[in-house]
Structures are given as structure tokens and as C-alpha cells.
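**Student:** Structure file query.cif, mmCIF, C-alpha atoms, is pasted below:
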data_run
#
loop_
_atom_site.label_atom_id
_atom_site.label_comp_id
_atom_site.auth_asym_id
_atom_site.auth_seq_id
_atom_site.Cartn_x
_atom_site.Cartn_y
_atom_site.Cartn_z
CA MET A 9 255.73 99.66 -29.68
CA SER A 10 257.55 98.28 -32.76
CA GLN A 11 257.70 94.58 -33.47
CA ASN A 12 261.44 94.50 -32.76
CA ASP A 13 260.53 94.53 -29.07
CA THR A 14 259.41 90.90 -29.27
CA ASN A 15 261.39 87.75 -29.94
CA VAL A 16 259.14 86.65 -32.77
CA LEU A 17 258.26 88.82 -35.75
CA LYS A 18 254.55 88.26 -36.29
CA PRO A 19 253.16 87.93 -39.83
CA SER A 20 251.22 90.99 -40.95
CA VAL A 21 250.28 92.85 -44.10
CA ASP A 22 252.99 95.44 -43.31
CA LEU A 23 255.60 92.69 -43.10
CA GLY A 24 254.22 91.20 -46.32
CA ILE A 25 254.59 94.54 -48.12
CA LEU A 26 258.18 94.86 -46.91
CA ILE A 27 259.02 91.31 -47.99
CA GLY A 28 257.31 91.91 -51.33
CA LEU A 29 259.55 94.93 -51.93
CA LEU A 30 262.68 93.03 -50.92
CA LEU A 31 261.90 90.10 -53.25
CA THR A 32 261.50 92.48 -56.20
CA ASP A 33 263.59 95.67 -56.02
CA GLY A 34 265.35 94.91 -52.75
CA SER A 35 268.14 92.89 -51.19
CA VAL A 36 269.28 91.56 -47.83
CA ARG A 37 273.06 91.14 -47.50
CA ILE A 38 275.37 90.00 -44.73
CA ASN A 39 279.09 90.76 -44.47
CA LYS A 40 280.27 89.35 -41.17
CA LYS A 41 283.87 90.52 -41.64
CA ALA A 42 282.72 94.10 -42.13
CA HIS A 43 279.99 93.69 -39.48
CA THR A 44 277.30 94.90 -41.89
CA TRP A 45 273.76 93.59 -42.16
CA LYS A 46 272.20 95.49 -45.04
CA ILE A 47 268.55 95.80 -46.10
CA ASN A 48 268.36 97.73 -49.35
CA LEU A 49 265.80 98.98 -51.84
CA SER A 50 266.83 100.27 -55.27
CA GLY A 51 264.60 101.92 -57.85
CA LYS A 52 263.48 105.23 -59.31
CA SER A 53 260.10 105.48 -57.57
CA ASP A 54 260.06 107.93 -54.67
CA GLU A 55 256.74 106.47 -53.54
CA LEU A 56 258.15 102.93 -53.19
CA HIS A 57 261.12 104.28 -51.20
CA ARG A 58 258.67 106.12 -48.95
CA ILE A 59 256.73 102.88 -48.37
CA PHE A 60 259.98 100.98 -47.69
CA LYS A 61 261.12 103.47 -45.04
CA ASN A 62 257.65 103.53 -43.49
CA LYS A 63 257.58 99.73 -43.12
CA MET A 64 261.12 99.57 -41.71
CA LYS A 65 260.13 102.13 -39.09
CA LYS A 66 256.79 100.50 -38.29
CA ILE A 67 258.09 96.93 -38.08
CA PHE A 68 261.60 97.39 -36.65
CA GLY A 69 261.55 100.93 -35.28
CA LEU A 70 264.39 101.85 -37.65
CA ILE A 71 264.67 105.43 -38.87
CA LYS A 72 268.38 105.94 -39.63
CA CYS A 73 269.25 104.96 -43.19
CA THR A 74 271.65 105.81 -45.99
CA GLU A 75 270.32 107.19 -49.27
CA TRP A 76 272.07 107.85 -52.58
CA THR A 77 271.52 108.03 -56.34
CA ASP A 78 273.77 106.25 -58.84
CA LYS A 79 274.95 107.47 -62.25
CA LYS A 80 271.86 106.02 -63.96
CA GLY A 81 269.52 107.98 -61.71
CA VAL A 82 268.49 104.94 -59.65
CA ASN A 83 267.83 105.74 -56.00
CA ALA A 84 268.88 103.50 -53.14
CA THR A 85 267.75 103.38 -49.52
CA GLU A 86 269.70 101.19 -47.13
CA PHE A 87 269.40 100.19 -43.47
CA ASN A 88 272.05 98.38 -41.42
CA SER A 89 270.52 96.14 -38.74
CA LYS A 90 271.61 92.67 -37.68
CA LEU A 91 268.38 92.05 -35.77
CA ALA A 92 266.16 93.04 -38.70
CA VAL A 93 268.15 90.85 -41.12
CA GLN A 94 267.99 87.85 -38.78
CA LYS A 95 264.23 88.19 -38.40
CA LEU A 96 263.59 88.66 -42.12
CA LEU A 97 265.61 85.56 -42.98
CA LYS A 98 263.17 83.46 -40.94
CA PHE A 99 260.56 84.10 -43.66
CA SER A 100 262.78 83.42 -46.68
CA PRO A 101 266.21 81.71 -46.57
CA THR A 102 267.49 84.44 -48.90
CA PHE A 103 266.12 87.47 -50.72
CA ARG A 104 268.40 87.04 -53.70
CA THR A 105 266.40 86.03 -56.77
CA LYS A 106 269.11 86.44 -59.44
CA LYS A 107 270.50 83.25 -60.95
CA PHE A 108 273.94 82.03 -59.86
CA ASP A 109 276.79 81.68 -62.35
CA ASP A 110 276.31 77.90 -62.42
CA GLY A 111 272.72 78.32 -63.67
CA THR A 112 270.95 77.46 -60.42
CA PHE A 113 268.68 79.80 -58.50
CA PRO A 114 268.92 80.76 -54.81
CA ASN A 115 266.35 79.33 -52.43
CA ALA A 116 264.22 82.46 -52.16
CA LYS A 117 260.52 81.94 -51.56
CA ILE A 118 257.21 83.63 -50.88
CA PRO A 119 256.51 83.31 -47.11
CA GLU A 120 253.92 80.74 -46.14
CA PHE A 121 251.82 83.30 -44.27
CA PHE A 122 250.90 84.94 -47.60
CA ASN A 123 248.52 82.00 -48.09
CA GLU A 124 246.65 82.89 -44.89
CA LEU A 125 246.10 86.57 -45.68
CA SER A 126 242.77 87.97 -46.79
CA THR A 127 242.37 88.77 -50.47
CA ASN A 128 242.39 92.50 -49.71
CA ASN A 129 245.66 92.31 -47.75
CA LEU A 130 247.31 90.09 -50.34
CA ALA A 131 246.25 92.59 -53.00
CA ARG A 132 248.15 95.33 -51.13
CA ILE A 133 251.30 93.18 -51.22
CA PHE A 134 250.95 92.30 -54.88
CA GLN A 135 250.33 95.97 -55.61
CA VAL A 136 253.82 96.93 -54.43
CA MET A 137 255.42 93.90 -56.12
CA PHE A 138 253.84 94.69 -59.49
CA SER A 139 254.71 98.37 -58.98
CA ALA A 140 258.37 97.49 -58.36
CA ASP A 141 259.02 94.75 -60.92
CA GLY A 142 255.89 94.93 -63.04
CA CYS A 143 254.62 96.93 -65.96
CA VAL A 144 251.53 97.63 -68.04
CA SER A 145 251.66 98.11 -71.79
CA LEU A 146 249.31 99.12 -74.57
CA GLY A 147 250.77 98.52 -78.00
CA VAL A 148 249.53 99.29 -81.50
CA PHE A 149 250.20 96.96 -84.41
CA TRP A 150 249.06 96.44 -87.97
CA ASN A 151 247.37 93.09 -88.62
CA GLU A 152 248.56 92.38 -92.14
CA LYS A 153 246.18 89.48 -92.63
CA LYS A 154 243.05 91.38 -91.60
CA ARG A 155 244.38 94.72 -92.87
CA ILE A 156 243.37 96.54 -89.70
CA TRP A 157 244.96 98.27 -86.72
CA GLU A 158 244.77 96.34 -83.44
CA LEU A 159 245.75 96.92 -79.82
CA LYS A 160 247.86 94.61 -77.70
CA ARG A 161 247.27 94.83 -73.94
CA ARG A 162 249.44 93.34 -71.22
CA VAL A 163 250.23 93.45 -67.51
CA GLN A 164 253.48 91.77 -66.58
CA LEU A 165 255.54 90.90 -63.52
CA SER A 166 259.21 90.36 -64.35
CA SER A 167 260.81 87.43 -62.54
CA ARG A 168 263.13 84.68 -63.73
CA HIS A 169 263.09 82.86 -60.38
CA PRO A 170 261.13 79.61 -60.97
CA GLN A 171 259.77 79.18 -57.44
CA ILE A 172 258.90 82.84 -56.83
CA LYS A 173 256.93 83.32 -60.05
CA GLN A 174 255.15 79.97 -59.68
CA GLN A 175 254.11 80.78 -56.10
CA ILE A 176 252.78 84.18 -57.15
CA ALA A 177 250.94 82.61 -60.09
CA ASN A 178 249.33 80.07 -57.76
CA LEU A 179 248.17 82.81 -55.37
CA LEU A 180 246.76 84.88 -58.24
CA ARG A 181 244.75 81.87 -59.39
CA GLU A 182 243.56 80.78 -55.96
CA LYS A 183 242.80 84.16 -54.39
CA PHE A 184 241.82 86.35 -57.37
CA LEU A 185 240.86 83.85 -60.11
CA ILE A 186 243.49 85.52 -62.29
CA ASN A 187 245.25 83.02 -64.54
CA PRO A 188 248.66 84.35 -65.65
CA ARG A 189 250.91 82.72 -68.20
CA VAL A 190 254.18 81.64 -66.58
CA GLU A 191 257.04 82.38 -68.96
CA GLU A 192 260.82 82.40 -68.59
CA ARG A 193 260.93 86.16 -67.99
CA GLY A 194 257.94 86.35 -65.66
CA LEU A 195 254.15 86.35 -65.42
CA ILE A 196 251.96 87.64 -68.22
CA LEU A 197 248.34 88.79 -68.00
CA ASP A 198 246.95 89.38 -71.48
CA ARG A 199 243.47 87.93 -71.34
CA LYS A 200 240.74 90.55 -71.08
CA GLN A 201 239.11 89.10 -67.98
CA ASP A 202 242.45 88.80 -66.14
CA ILE A 203 243.47 92.40 -66.86
CA ILE A 204 240.04 93.66 -65.75
CA LYS A 205 240.31 91.69 -62.49
CA PHE A 206 243.83 93.00 -61.91
CA ALA A 207 242.68 96.59 -62.51
CA LYS A 208 239.73 96.16 -60.15
CA GLU A 209 241.30 94.18 -57.30
CA ILE A 210 245.07 94.84 -57.30
CA ARG A 211 246.29 97.77 -59.47
CA PHE A 212 249.62 99.58 -58.98
CA VAL A 213 250.69 101.96 -56.22
CA ASP A 214 249.43 105.46 -57.02
CA GLY A 215 252.24 107.77 -58.10
CA VAL A 216 254.55 105.05 -59.45
CA LYS A 217 255.54 105.95 -63.00
CA ILE A 218 256.68 104.03 -66.05
CA THR A 219 260.41 104.76 -66.31
CA ARG A 220 261.83 102.27 -68.81
CA ASP A 221 261.15 99.85 -71.66
CA SER A 222 258.32 102.00 -72.98
CA LYS A 223 258.88 104.44 -75.81
CA ASN A 224 255.27 105.63 -75.79
CA TRP A 225 254.30 105.62 -72.11
CA CYS A 226 257.46 106.59 -70.22
CA GLY A 227 256.62 109.26 -67.62
CA PHE A 228 252.97 108.28 -67.26
CA GLU A 229 251.77 106.71 -64.02
CA LYS A 230 251.28 102.97 -64.29
CA ASN A 231 247.70 103.30 -63.07
CA GLN A 232 246.99 105.90 -65.76
CA ILE A 233 247.99 103.44 -68.48
CA LEU A 234 246.20 100.59 -66.71
CA ASP A 235 243.00 102.65 -66.77
CA LEU A 236 243.66 103.48 -70.43
CA VAL A 237 244.01 99.77 -71.18
CA ILE A 238 240.58 99.16 -69.61
CA ARG A 239 239.07 102.10 -71.49
CA SER A 240 240.57 100.88 -74.76
CA MET A 241 238.60 97.65 -74.41
CA LYS A 242 235.45 99.65 -75.12
CA LEU A 243 236.79 100.94 -78.43
CA LYS A 244 235.36 99.35 -81.54
CA LYS A 245 237.62 98.13 -84.32
CA LYS A 246 236.32 100.88 -86.60
CA ASP A 247 237.51 103.53 -84.11
CA LEU A 248 241.12 102.82 -85.06
CA GLN A 249 240.70 102.42 -88.80
CA LYS A 250 240.35 106.14 -89.44
CA PHE A 251 244.04 106.57 -88.55
CA ARG A 252 246.79 106.11 -91.10
CA THR A 253 249.81 105.57 -88.84
CA LYS A 254 250.72 104.05 -85.48
CA GLU A 255 251.86 107.49 -84.29
CA GLU A 256 248.41 108.94 -84.92
CA ILE A 257 246.81 106.20 -82.82
CA ILE A 258 249.31 106.72 -79.98
CA HIS A 259 248.51 110.45 -80.05
CA PHE A 260 244.79 109.60 -79.87
CA LEU A 261 245.36 107.25 -76.92
CA LYS A 262 247.47 109.82 -75.07
CA ALA A 263 244.64 112.31 -75.50
CA LEU A 264 242.33 109.81 -73.77
CA VAL A 265 244.76 109.71 -70.80
CA MET A 266 244.54 113.49 -70.54
CA VAL A 267 240.74 113.27 -70.58
CA GLN A 268 240.87 110.71 -67.74
CA ALA A 269 243.14 112.99 -65.69
CA SER A 270 240.96 116.08 -66.11
#
I need this file expressed as C-alpha cells, please.
**Tutor:**
Amino acid sequence: MSQNDTNVLKPSVDLGILIGLLLTDGSVRINKKAHTWKINLSGKSDELHRIFKNKMKKIFGLIKCTEWTDKKGVNATEFNSKLAVQKLLKFSPTFRTKKFDDGTFPNAKIPEFFNELSTNNLARIFQVMFSADGCVSLGVFWNEKKRIWELKRRVQLSSRHPQIKQQIANLLREKFLINPRVEERGLILDRKQDIIKFAKEIRFVDGVKITRDSKNWCGFEKNQILDLVIRSMKLKKKDLQKFRTKEEIIHFLKALVMVQAS
């Protein structure tokens, strides 16, 4: 029996995963004149769309949806259900996180029941949120002062919504002892111990690939590069100094990914 058979939608990890997707790559829209109550997920990851459809079926019993791909290759999955929209809006007043034209932000929020979830269940929710609106990067740069090649490691969750990113930061600190930097564009994990904890306790959804904003790692799975970031921490400074160019180091790092996959 799906949860739409009851008057009250009970908090659960499945509901948390759905809400996590909607607060990142999703939307909930009402058009009373057109009698439409839309729940939408947009993004290039087939795996995240599969999870979205699975949760909509499991929670609301909904199977019928509309799917399309826009000119930029971004996929969309959309359900039309007044009941589902009404129940979702009891957990957040809105799922819009984009700033209004007047500079204010909508009153979106992380549901209170997230605070009551076990660390393992909260990790499953954060996994989809970081997979949707997050990224992992491993950059190579030349330290002119020290005259050596160095690596720059980072896990990031993109969010400009002040309340959303602060709530997530608080939960990361309280539940996982991960201490992100809160910046205008989102949350940044760049300390070694925080990245290691993220890789061990949260990670990304398997199969979700890097699709943008990465010249070197586009097409790789996010977890592949996350594991490479962890492996790169074991490299000694001298291991990079035998290379003459950044391109040579990137080629070396990509070879390590292939070794991991074999």
C-alpha cells in the first residue's frame, strides 16, 4: 500500500530522498487556472531520474509521467498530481530555491524530520543531493613560490539559498563531524579530513557522471574521481615533480582511474 492511502504522509528516508532531489534538481509548481500540479526533476543523470520515478511510485503510487529532453540534452521527468503536491508542501513551504528578482529568497527549507534520521539514512539523502547539485574536483597547479606542482582537492554542493545551505552545513557538522565552508555559491569541503569522511560515509550515487564545469574529468563517474582524490592524498610531492606540464600530470591521474576500474 502506498503512502497516498493515508491522510498524513509519514517521514521516511524515501521521502527524504525525494525531497532532497526536489530541493536540488527538482521543482514543485502549481497552476490553478490550468489545473496542473507539477512535480519535476531535470538533469542529465539517468540514475537520478530512475530514483525519482521509484520514489514517486513508492510514496504516492504514481507511475504515469511525462519525459522529454531539451535542446541542451537535459532530461526532464514530470508528474501531475494535486494530492502529491499538497502533501509535499507540508514539509517545505516551497521547493523553489532560486532568488527572486527583488534579491530575496523563497522560504524553502530542509524538513525538520531530517534532524531525527539516523546518520546512515541521512547519508543516503545527502548522497542524492550532492549527486544532483554537487561535484568533486581534482586540480593541478604550479606553486610559483615553492616551484613545485601541487594538487587541489574539493567536494562542493552548489546552493545560493542561505537557509538551505546553512541547514545542510549544520547537519554535516552535527551528524558527520564534517565542517564545510559556507560560501555564496554553496558548501565547500577542501580539508583532507572532511573529504575523507565524505568519501567514507556519504559519497555520490553510483553511475552519476560529471557532465559539466570540468575540462579534465567530464564523462567520469563522480565516485571514480572521489576515489582518485582519496588515492592522490597518498602521493608524495616528489611523485609530481618528474612531470613537466599540467597535461602530463592529468594523463598520469587518469591512468590511476583506469587502474582503479580494472
**Student:** Can you turn the PyMOL selection byres ((chain A and resi 160) around 10) into a concrete residue list for this file, as a PDB file with C-alpha atoms, keeping the file's coordinate frame?
**Tutor:**
ATOM      1  CA  SER A 145     251.660  98.110 -71.790  1.00  0.00           C
ATOM      2  CA  LEU A 146     249.310  99.120 -74.570  1.00  0.00           C
ATOM      3  CA  GLY A 147     250.770  98.520 -78.000  1.00  0.00           C
ATOM      4  CA  VAL A 148     249.530  99.290 -81.500  1.00  0.00           C
ATOM      5  CA  PHE A 149     250.200  96.960 -84.410  1.00  0.00           C
ATOM      6  CA  GLU A 158     244.770  96.340 -83.440  1.00  0.00           C
ATOM      7  CA  LEU A 159     245.750  96.920 -79.820  1.00  0.00           C
ATOM      8  CA  ARG A 161     247.270  94.830 -73.940  1.00  0.00           C
ATOM      9  CA  ARG A 162     249.440  93.340 -71.220  1.00  0.00           C
ATOM     10  CA  ASP A 198     246.950  89.380 -71.480  1.00  0.00           C
ATOM     11  CA  VAL A 237     244.010  99.770 -71.180  1.00  0.00           C
TER      12      VAL A 237
END
**Student:** Could you give me the axis-aligned bounding box of stretch 129-139 of chain A, with 8 Å of padding per side, as centre plus edge lengths in Å to one decimal, as AutoDock Vina command-line options?
**Tutor:**
--center_x 250.5 --center_y 94.2 --center_z -53.6 --size_x 25.8 --size_y 24.3 --size_z 27.7
**Student:** Would you please work out which residue, of A:Trp157, A:Phe212, A:Phe122, A:Phe184, is nearest to A:Gln249 when using only C-alpha atoms?
**Tutor:**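 Ranked by minimum distance to A:Gln249, first place goes to A:Trp157.
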**Student:** From the set A:Ile238, A:Cys143, A:Leu49, A:Ile133, which residue has the shortest atom-to-atom contact distance to A:Thr77, counting only C-alpha atoms?
**Tutor:** A:Leu49
**Student:** With distances taken over only C-alpha atoms, which residue among A:Ile196, A:Ile218, A:Val21, A:Ile233 lies nearest A:Pro119?
**Tutor:**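 The closest residue to A:Pro119 is A:Val21.
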**Student:** Would you work out the distance separating atom CA of A:Asp235 from atom CA of A:Lys61, expressed in Å to one decimal?
**Tutor:**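 So the two atoms, atom CA of A:Asp235 and atom CA of A:Lys61, lie 28.3 Å apart.
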**Student:** Near A:Leu185, within 12 Å and counting all atoms listed in the file, which residues show up once chain neighbours fewer than 3 positions away are dropped, as a VMD selection string?
**Tutor:** chain A and resid 127 177 to 182 188 197 201 to 206 209
**Student:** Name the residues that the PyMOL selection byres ((chain A and resi 134) around 9) pulls out of this structure, and write them as a ChimeraX atom specification.
**Tutor:** /A:25,28,129-133,135-139,176,210-212
**Student:** Those residues with C-alpha atoms, as a PDB file, in the coordinates of the input please?
**Tutor:**
ATOM      1  CA  ILE A  25     254.590  94.540 -48.120  1.00  0.00           C
ATOM      2  CA  GLY A  28     257.310  91.910 -51.330  1.00  0.00           C
ATOM      3  CA  ASN A 129     245.660  92.310 -47.750  1.00  0.00           C
ATOM      4  CA  LEU A 130     247.310  90.090 -50.340  1.00  0.00           C
ATOM      5  CA  ALA A 131     246.250  92.590 -53.000  1.00  0.00           C
ATOM      6  CA  ARG A 132     248.150  95.330 -51.130  1.00  0.00           C
ATOM      7  CA  ILE A 133     251.300  93.180 -51.220  1.00  0.00           C
ATOM      8  CA  GLN A 135     250.330  95.970 -55.610  1.00  0.00           C
ATOM      9  CA  VAL A 136     253.820  96.930 -54.430  1.00  0.00           C
ATOM     10  CA  MET A 137     255.420  93.900 -56.120  1.00  0.00           C
ATOM     11  CA  PHE A 138     253.840  94.690 -59.490  1.00  0.00           C
ATOM     12  CA  SER A 139     254.710  98.370 -58.980  1.00  0.00           C
ATOM     13  CA  ILE A 176     252.780  84.180 -57.150  1.00  0.00           C
ATOM     14  CA  ILE A 210     245.070  94.840 -57.300  1.00  0.00           C
ATOM     15  CA  ARG A 211     246.290  97.770 -59.470  1.00  0.00           C
ATOM     16  CA  PHE A 212     249.620  99.580 -58.980  1.00  0.00           C
TER      17      PHE A 212
END
**Student:** Could you check the closest approach to A:Gln175 for each of A:Ile118, A:Gly215, A:Lys200, A:Asn62 and tell me which residue wins, using all atoms listed in the file?
**Tutor:**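 Smallest separation from A:Gln175 among the options: A:Ile118.
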